[in-house]
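Enquirer: Just coords31.pdb, nothing more (PDB, C-alpha atoms, pLDDT in the B column):
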ATOM      1  CA  MET I   1     174.821 126.367 127.011  1.00 56.00           C
ATOM      2  CA  ASN I   2     175.282 130.008 126.056  1.00 48.00           C
ATOM      3  CA  LYS I   3     178.168 131.445 124.011  1.00 57.00           C
ATOM      4  CA  GLN I   4     179.730 133.178 127.015  1.00 46.00           C
ATOM      5  CA  THR I   5     179.927 129.890 128.926  1.00 48.00           C
ATOM      6  CA  ASN I   6     181.342 128.095 125.878  1.00 50.00           C
ATOM      7  CA  SER I   7     183.999 130.773 125.538  1.00 49.00           C
ATOM      8  CA  PHE I   8     184.914 130.425 129.206  1.00 43.00           C
ATOM      9  CA  TYR I   9     185.375 126.646 128.893  1.00 46.00           C
ATOM     10  CA  ASP I  10     187.408 127.043 125.692  1.00 46.00           C
ATOM     11  CA  LYS I  11     189.868 129.129 127.731  1.00 42.00           C
ATOM     12  CA  PHE I  12     189.520 126.941 130.838  1.00 45.00           C
ATOM     13  CA  SER I  13     190.577 123.865 128.840  1.00 45.00           C
ATOM     14  CA  LEU I  14     194.226 124.810 129.529  1.00 48.00           C
ATOM     15  CA  PHE I  15     193.660 124.333 133.277  1.00 51.00           C
ATOM     16  CA  TYR I  16     191.488 121.233 132.980  1.00 52.00           C
ATOM     17  CA  PRO I  17     194.331 118.767 133.733  1.00 53.00           C
ATOM     18  CA  LEU I  18     194.451 120.226 137.270  1.00 57.00           C
ATOM     19  CA  VAL I  19     190.715 119.587 137.664  1.00 57.00           C
ATOM     20  CA  ASP I  20     191.294 116.011 136.454  1.00 62.00           C
ATOM     21  CA  VAL I  21     193.781 115.405 139.272  1.00 56.00           C
ATOM     22  CA  LEU I  22     191.393 116.757 141.920  1.00 65.00           C
ATOM     23  CA  LEU I  23     188.440 114.694 140.695  1.00 69.00           C
ATOM     24  CA  LYS I  24     190.311 111.456 139.924  1.00 74.00           C
ATOM     25  CA  PRO I  25     189.295 109.550 143.123  1.00 81.00           C
ATOM     26  CA  GLN I  26     185.598 110.274 142.498  1.00 86.00           C
ATOM     27  CA  LYS I  27     185.804 109.400 138.816  1.00 87.00           C
ATOM     28  CA  LYS I  28     187.502 106.104 139.644  1.00 90.00           C
ATOM     29  CA  VAL I  29     184.399 105.094 141.627  1.00 93.00           C
ATOM     30  CA  LEU I  30     182.149 106.290 138.780  1.00 95.00           C
ATOM     31  CA  PHE I  31     183.992 104.175 136.199  1.00 94.00           C
ATOM     32  CA  ASN I  32     183.988 101.125 138.479  1.00 95.00           C
ATOM     33  CA  GLU I  33     180.191 101.395 138.636  1.00 97.00           C
ATOM     34  CA  VAL I  34     179.854 101.933 134.866  1.00 97.00           C
ATOM     35  CA  ASN I  35     182.205  99.065 133.983  1.00 96.00           C
ATOM     36  CA  ARG I  36     180.132  96.600 136.048  1.00 96.00           C
ATOM     37  CA  LEU I  37     177.194  97.047 133.702  1.00 96.00           C
ATOM     38  CA  THR I  38     176.293  94.939 130.681  1.00 96.00           C
ATOM     39  CA  ASP I  39     177.811  96.227 127.420  1.00 96.00           C
ATOM     40  CA  GLY I  40     175.712  98.956 125.854  1.00 97.00           C
ATOM     41  CA  ASN I  41     175.560 102.362 124.212  1.00 98.00           C
ATOM     42  CA  LEU I  42     176.738 105.067 126.602  1.00 98.00           C
ATOM     43  CA  LEU I  43     176.385 108.827 126.211  1.00 98.00           C
ATOM     44  CA  GLU I  44     178.709 111.052 128.216  1.00 98.00           C
ATOM     45  CA  ILE I  45     177.584 114.680 128.321  1.00 97.00           C
ATOM     46  CA  GLY I  46     180.222 117.307 129.122  1.00 93.00           C
ATOM     47  CA  VAL I  47     183.203 115.108 128.377  1.00 93.00           C
ATOM     48  CA  GLY I  48     185.886 117.744 128.960  1.00 88.00           C
ATOM     49  CA  ASN I  49     189.315 116.806 127.611  1.00 89.00           C
ATOM     50  CA  GLY I  50     188.668 113.062 127.491  1.00 91.00           C
ATOM     51  CA  THR I  51     191.780 111.988 129.413  1.00 88.00           C
ATOM     52  CA  HIS I  52     189.555 109.641 131.421  1.00 90.00           C
ATOM     53  CA  PHE I  53     188.522 107.616 128.338  1.00 93.00           C
ATOM     54  CA  LYS I  54     191.085 104.966 129.232  1.00 90.00           C
ATOM     55  CA  TYR I  55     189.009 104.058 132.309  1.00 91.00           C
ATOM     56  CA  TYR I  56     186.073 102.835 130.226  1.00 93.00           C
ATOM     57  CA  ASN I  57     186.613  99.075 129.918  1.00 90.00           C
ATOM     58  CA  LYS I  58     183.650  98.418 127.646  1.00 88.00           C
ATOM     59  CA  HIS I  59     180.598 100.002 126.019  1.00 96.00           C
ATOM     60  CA  LYS I  60     180.256 101.984 122.818  1.00 97.00           C
ATOM     61  CA  ILE I  61     180.836 105.581 123.934  1.00 97.00           C
ATOM     62  CA  THR I  62     179.392 108.745 122.425  1.00 98.00           C
ATOM     63  CA  ALA I  63     181.019 111.732 124.143  1.00 98.00           C
ATOM     64  CA  ILE I  64     179.828 115.306 123.692  1.00 98.00           C
ATOM     65  CA  ASP I  65     180.858 118.777 124.820  1.00 94.00           C
ATOM     66  CA  THR I  66     179.942 122.332 123.797  1.00 91.00           C
ATOM     67  CA  SER I  67     183.518 123.632 124.010  1.00 88.00           C
ATOM     68  CA  GLU I  68     185.425 123.384 120.726  1.00 90.00           C
ATOM     69  CA  ALA I  69     188.756 123.310 122.582  1.00 88.00           C
ATOM     70  CA  MET I  70     187.598 120.463 124.846  1.00 88.00           C
ATOM     71  CA  VAL I  71     186.265 118.461 121.883  1.00 94.00           C
ATOM     72  CA  LYS I  72     189.521 118.901 119.980  1.00 93.00           C
ATOM     73  CA  THR I  73     191.569 117.558 122.918  1.00 92.00           C
ATOM     74  CA  ALA I  74     189.065 114.774 123.670  1.00 93.00           C
ATOM     75  CA  ARG I  75     189.302 113.529 120.079  1.00 96.00           C
ATOM     76  CA  LYS I  76     193.049 113.097 120.535  1.00 94.00           C
ATOM     77  CA  ASN I  77     192.369 110.963 123.622  1.00 92.00           C
ATOM     78  CA  SER I  78     189.596 108.863 122.070  1.00 93.00           C
ATOM     79  CA  ALA I  79     189.772 105.204 121.064  1.00 91.00           C
ATOM     80  CA  GLU I  80     188.087 103.035 118.442  1.00 92.00           C
ATOM     81  CA  ASN I  81     184.911 102.568 120.516  1.00 94.00           C
ATOM     82  CA  ILE I  82     184.580 106.313 121.287  1.00 97.00           C
ATOM     83  CA  GLU I  83     182.996 108.982 119.091  1.00 98.00           C
ATOM     84  CA  VAL I  84     183.479 112.616 120.201  1.00 98.00           C
ATOM     85  CA  LEU I  85     181.000 115.246 118.989  1.00 98.00           C
ATOM     86  CA  LYS I  86     180.485 118.965 119.556  1.00 97.00           C
ATOM     87  CA  MET I  87     176.916 119.134 120.837  1.00 97.00           C
ATOM     88  CA  ASP I  88     174.821 120.798 123.521  1.00 95.00           C
ATOM     89  CA  GLY I  89     173.492 118.418 126.181  1.00 96.00           C
ATOM     90  CA  GLU I  90     170.450 120.644 126.567  1.00 95.00           C
ATOM     91  CA  LEU I  91     169.500 120.020 122.923  1.00 96.00           C
ATOM     92  CA  LEU I  92     170.627 116.514 121.987  1.00 97.00           C
ATOM     93  CA  LEU I  93     170.520 115.578 118.311  1.00 97.00           C
ATOM     94  CA  PHE I  94     169.796 111.898 118.975  1.00 98.00           C
ATOM     95  CA  ASP I  95     166.673 109.791 118.531  1.00 97.00           C
ATOM     96  CA  ASP I  96     164.535 108.861 121.526  1.00 98.00           C
ATOM     97  CA  GLU I  97     165.616 105.817 123.562  1.00 98.00           C
ATOM     98  CA  LYS I  98     168.999 105.466 121.830  1.00 98.00           C
ATOM     99  CA  PHE I  99     171.275 104.934 124.850  1.00 98.00           C
ATOM    100  CA  ASP I 100     171.527 102.356 127.622  1.00 98.00           C
ATOM    101  CA  TYR I 101     173.478 104.705 129.898  1.00 98.00           C
ATOM    102  CA  VAL I 102     174.032 108.460 130.324  1.00 98.00           C
ATOM    103  CA  VAL I 103     176.942 109.907 132.316  1.00 98.00           C
ATOM    104  CA  LEU I 104     176.912 113.475 133.707  1.00 97.00           C
ATOM    105  CA  SER I 105     180.192 114.011 135.526  1.00 93.00           C
ATOM    106  CA  HIS I 106     180.505 117.467 137.104  1.00 89.00           C
ATOM    107  CA  VAL I 107     178.321 119.020 134.433  1.00 90.00           C
ATOM    108  CA  ILE I 108     174.833 119.451 135.905  1.00 88.00           C
ATOM    109  CA  ALA I 109     175.763 122.543 137.954  1.00 82.00           C
ATOM    110  CA  VAL I 110     177.529 124.289 135.054  1.00 82.00           C
ATOM    111  CA  VAL I 111     174.867 124.100 132.341  1.00 86.00           C
ATOM    112  CA  THR I 112     172.467 126.973 131.735  1.00 86.00           C
ATOM    113  CA  ARG I 113     169.308 124.871 132.024  1.00 92.00           C
ATOM    114  CA  PRO I 114     169.792 121.769 134.204  1.00 92.00           C
ATOM    115  CA  GLU I 115     166.057 120.925 133.953  1.00 95.00           C
ATOM    116  CA  GLN I 116     166.367 120.712 130.176  1.00 96.00           C
ATOM    117  CA  LEU I 117     169.566 118.654 130.452  1.00 96.00           C
ATOM    118  CA  ILE I 118     167.850 116.044 132.641  1.00 96.00           C
ATOM    119  CA  SER I 119     164.784 115.987 130.373  1.00 97.00           C
ATOM    120  CA  GLU I 120     167.001 115.347 127.357  1.00 98.00           C
ATOM    121  CA  ALA I 121     168.882 112.585 129.187  1.00 98.00           C
ATOM    122  CA  TYR I 122     165.536 110.974 130.006  1.00 98.00           C
ATOM    123  CA  ARG I 123     164.382 111.223 126.394  1.00 98.00           C
ATOM    124  CA  VAL I 124     167.453 109.521 124.897  1.00 98.00           C
ATOM    125  CA  LEU I 125     167.650 106.774 127.552  1.00 98.00           C
ATOM    126  CA  LYS I 126     166.076 103.420 126.821  1.00 98.00           C
ATOM    127  CA  PRO I 127     163.434 102.145 129.277  1.00 98.00           C
ATOM    128  CA  GLY I 128     165.340 100.648 132.200  1.00 98.00           C
ATOM    129  CA  GLY I 129     168.435 102.676 131.250  1.00 98.00           C
ATOM    130  CA  LYS I 130     170.688 104.222 133.893  1.00 98.00           C
ATOM    131  CA  MET I 131     171.865 107.796 134.401  1.00 98.00           C
ATOM    132  CA  PHE I 132     174.970 108.550 136.484  1.00 98.00           C
ATOM    133  CA  ILE I 133     175.319 112.008 138.042  1.00 96.00           C
ATOM    134  CA  LEU I 134     178.620 112.794 139.751  1.00 94.00           C
ATOM    135  CA  ASN I 135     178.621 116.286 141.215  1.00 86.00           C
ATOM    136  CA  HIS I 136     178.771 118.497 144.271  1.00 79.00           C
ATOM    137  CA  PHE I 137     175.419 118.902 146.013  1.00 74.00           C
ATOM    138  CA  THR I 138     174.799 121.522 148.674  1.00 63.00           C
ATOM    139  CA  PRO I 139     174.370 119.523 151.901  1.00 65.00           C
ATOM    140  CA  ASN I 140     172.063 120.344 154.790  1.00 68.00           C
ATOM    141  CA  ASN I 141     174.956 120.889 157.183  1.00 62.00           C
ATOM    142  CA  TRP I 142     177.525 123.634 157.860  1.00 54.00           C
ATOM    143  CA  LEU I 143     178.929 123.298 154.306  1.00 62.00           C
ATOM    144  CA  LYS I 144     175.806 124.947 152.901  1.00 54.00           C
ATOM    145  CA  TYR I 145     177.050 128.268 154.309  1.00 54.00           C
ATOM    146  CA  ILE I 146     180.277 127.948 152.319  1.00 63.00           C
ATOM    147  CA  ASP I 147     178.273 127.260 149.154  1.00 54.00           C
ATOM    148  CA  GLN I 148     176.089 130.284 149.863  1.00 53.00           C
ATOM    149  CA  SER I 149     179.115 132.533 150.455  1.00 55.00           C
ATOM    150  CA  PHE I 150     180.609 131.476 147.100  1.00 57.00           C
ATOM    151  CA  ALA I 151     177.373 131.962 145.132  1.00 52.00           C
ATOM    152  CA  ILE I 152     178.367 135.328 143.639  1.00 58.00           C
ATOM    153  CA  VAL I 153     181.960 134.300 142.864  1.00 54.00           C
ATOM    154  CA  SER I 154     180.871 131.008 141.296  1.00 47.00           C
ATOM    155  CA  LYS I 155     178.951 132.873 138.575  1.00 54.00           C
ATOM    156  CA  ALA I 156     182.257 134.222 137.263  1.00 51.00           C
ATOM    157  CA  PHE I 157     183.396 130.608 136.839  1.00 50.00           C
ATOM    158  CA  HIS I 158     180.101 129.617 135.179  1.00 51.00           C
ATOM    159  CA  PHE I 159     178.841 127.169 137.783  1.00 56.00           C
ATOM    160  CA  ARG I 160     176.341 127.109 140.643  1.00 51.00           C
ATOM    161  CA  SER I 161     177.923 126.708 144.060  1.00 48.00           C
ATOM    162  CA  VAL I 162     174.478 126.269 145.626  1.00 49.00           C
ATOM    163  CA  PHE I 163     172.885 123.239 144.000  1.00 58.00           C
ATOM    164  CA  TYR I 164     170.051 120.983 145.183  1.00 62.00           C
ATOM    165  CA  ILE I 165     169.152 118.041 142.925  1.00 80.00           C
ATOM    166  CA  GLU I 166     165.714 117.742 144.520  1.00 85.00           C
ATOM    167  CA  ASP I 167     164.828 121.207 143.141  1.00 82.00           C
ATOM    168  CA  LEU I 168     164.762 119.758 139.613  1.00 86.00           C
ATOM    169  CA  GLU I 169     161.284 118.626 138.581  1.00 94.00           C
ATOM    170  CA  SER I 170     162.692 116.555 135.707  1.00 95.00           C
ATOM    171  CA  ILE I 171     164.682 114.323 138.086  1.00 95.00           C
ATOM    172  CA  LYS I 172     161.389 113.032 139.495  1.00 95.00           C
ATOM    173  CA  LYS I 173     160.835 111.040 136.288  1.00 96.00           C
ATOM    174  CA  PHE I 174     163.705 108.794 137.406  1.00 97.00           C
ATOM    175  CA  ARG I 175     164.043 106.368 140.306  1.00 97.00           C
ATOM    176  CA  LEU I 176     167.173 106.737 142.462  1.00 97.00           C
ATOM    177  CA  SER I 177     168.770 103.296 142.691  1.00 97.00           C
ATOM    178  CA  LYS I 178     172.121 104.043 144.368  1.00 97.00           C
ATOM    179  CA  GLU I 179     173.856 106.906 146.191  1.00 95.00           C
ATOM    180  CA  ILE I 180     177.587 107.043 146.959  1.00 94.00           C
ATOM    181  CA  HIS I 181     179.026 109.816 149.157  1.00 89.00           C
ATOM    182  CA  PHE I 182     182.501 111.370 148.932  1.00 84.00           C
ATOM    183  CA  GLY I 183     184.569 113.691 151.065  1.00 71.00           C
ATOM    184  CA  LEU I 184     183.946 115.938 153.994  1.00 66.00           C
ATOM    185  CA  GLY I 185     180.254 116.229 154.842  1.00 66.00           C
ATOM    186  CA  SER I 186     179.279 114.159 151.782  1.00 71.00           C
ATOM    187  CA  TYR I 187     179.724 117.263 149.665  1.00 77.00           C
ATOM    188  CA  PHE I 188     180.218 115.193 146.509  1.00 84.00           C
ATOM    189  CA  LYS I 189     177.922 112.346 145.498  1.00 89.00           C
ATOM    190  CA  LEU I 190     177.503 109.819 142.761  1.00 95.00           C
ATOM    191  CA  LEU I 191     173.784 109.361 142.142  1.00 95.00           C
ATOM    192  CA  ILE I 192     172.631 106.475 139.955  1.00 98.00           C
ATOM    193  CA  TYR I 193     169.128 106.750 138.546  1.00 98.00           C
ATOM    194  CA  LYS I 194     167.012 104.318 136.563  1.00 98.00           C
ATOM    195  CA  LYS I 195     164.460 105.266 133.914  1.00 98.00           C
TER     196      LYS I 195
END
Take the structure in this file and express it as structure tokens.
Expert:
Amino acid sequence: MNKQTNSFYDKFSLFYPLVDVLLKPQKKVLFNEVNRLTDGNLLEIGVGNGTHFKYYNKHKITAIDTSEAMVKTARKNSAENIEVLKMDGELLLFDDEKFDYVVLSHVIAVVTRPEQLISEAYRVLKPGGKMFILNHFTPNNWLKYIDQSFAIVSKAFHFRSVFYIEDLESIKKFRLSKEIHFGLGSYFKLLIYKK
């Protein structure tokens, strides 16, 4: 992520609790799916303020974010099984095949290089590992026109309103194993991929 985006999210951290409230129903489904899995090493990229840590029932969690303000708050919310680090998801400082699971919750459309983010997630996942992507995805219905109309404004908030997962070449390395739809027109989805 670039410095301008990091600076934006440092300032945005004050408003993040509001975002947490809006996304809570989706994240509840995400954590239910994650908690069903066998214990393992889990990497969460773009952890935000970490107030959701309490919903992880198991796993050894490594949580990263590029925003210093987010990391500082997330560390206050962490537990014994959670390590919080300041790190860029597009340039992970971990060995290959280190993690059993990778979680990307509302982060893929805000990073500078989503292709690189997915490639890095693939690299650090063990064979057979799972990647969870919770995000908005521009649907092929009337909602796409709303996304298109917000495209210019969304840049000011450092995210892409128009976002198609199938446009990413790096996602093709994975196999989609489950898809859960949320909200009006299935605008939000939880996609679970297997390496």
Enquirer: Quick check, in Å to one decimal: how far apart do CA of Asn77 in chain I and CA of Phe132 in chain I lie?
Expert: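 So the two atoms, CA of Asn77 in chain I and CA of Phe132 in chain I, lie 21.8 Å apart.
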Enquirer: Written as a list in words, what is the full residue list that the PyMOL selection byres ((chain I and resi 102) around 6) yields on the file shown?
Expert: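 Evaluating the PyMOL selection byres ((chain I and resi 102) around 6) on these coordinates yields Leu42, Leu43, Glu44, Tyr101, Val103 and Met131 of chain I.
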Enquirer: To one decimal place, how far is CA of Ser105 in chain I from CA of Gly46 in chain I in Å?
Expert: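 Separating CA of Ser105 in chain I from CA of Gly46 in chain I is a distance of 7.2 Å.
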Enquirer: Which residues, written as a list in words, have at least one atom at most 12 Å from Ser78 in chain I, with only C-alpha atoms counted and residues fewer than 4 positions away on the same chain left out?
Expert: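 Counting only the stated atoms, we get Val47, Gly48, Asn49, Gly50, Thr51, His52, Phe53, Lys54, Tyr55, Tyr56, Lys60, Ile61, Thr62, Ala63, Ile64, Val71, Lys72, Thr73, Ala74, Ile82, Glu83, Val84 and Leu85 of chain I.
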Enquirer: Could you tell me, as a compact mmCIF listing (two decimals) with C-alpha atoms, keeping the file's coordinate frame, exactly which residues end up selected when the PyMOL selection byres ((chain I and resi 125) around 10) is applied to this structure?
Expert:
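Saved as out02.txt:
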# COMPACT_ATOMS: atom_id res chain seq x y z
CA ASN I 41 175.56 102.36 124.21
CA LEU I 42 176.74 105.07 126.60
CA LEU I 43 176.38 108.83 126.21
CA ASP I 95 166.67 109.79 118.53
CA ASP I 96 164.54 108.86 121.53
CA GLU I 97 165.62 105.82 123.56
CA LYS I 98 169.00 105.47 121.83
CA PHE I 99 171.28 104.93 124.85
CA ASP I 100 171.53 102.36 127.62
CA TYR I 101 173.48 104.70 129.90
CA VAL I 102 174.03 108.46 130.32
CA GLU I 120 167.00 115.35 127.36
CA ALA I 121 168.88 112.58 129.19
CA TYR I 122 165.54 110.97 130.01
CA ARG I 123 164.38 111.22 126.39
CA VAL I 124 167.45 109.52 124.90
CA LYS I 126 166.08 103.42 126.82
CA PRO I 127 163.43 102.14 129.28
CA GLY I 128 165.34 100.65 132.20
CA GLY I 129 168.44 102.68 131.25
CA LYS I 130 170.69 104.22 133.89
CA MET I 131 171.86 107.80 134.40
CA LYS I 194 167.01 104.32 136.56
CA LYS I 195 164.46 105.27 133.91
Enquirer: Work out how far CA of Tyr187 in chain I is from CA of His136 in chain I, in Å to one decimal.
Expert: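 These atoms are spaced 5.6 Å apart.
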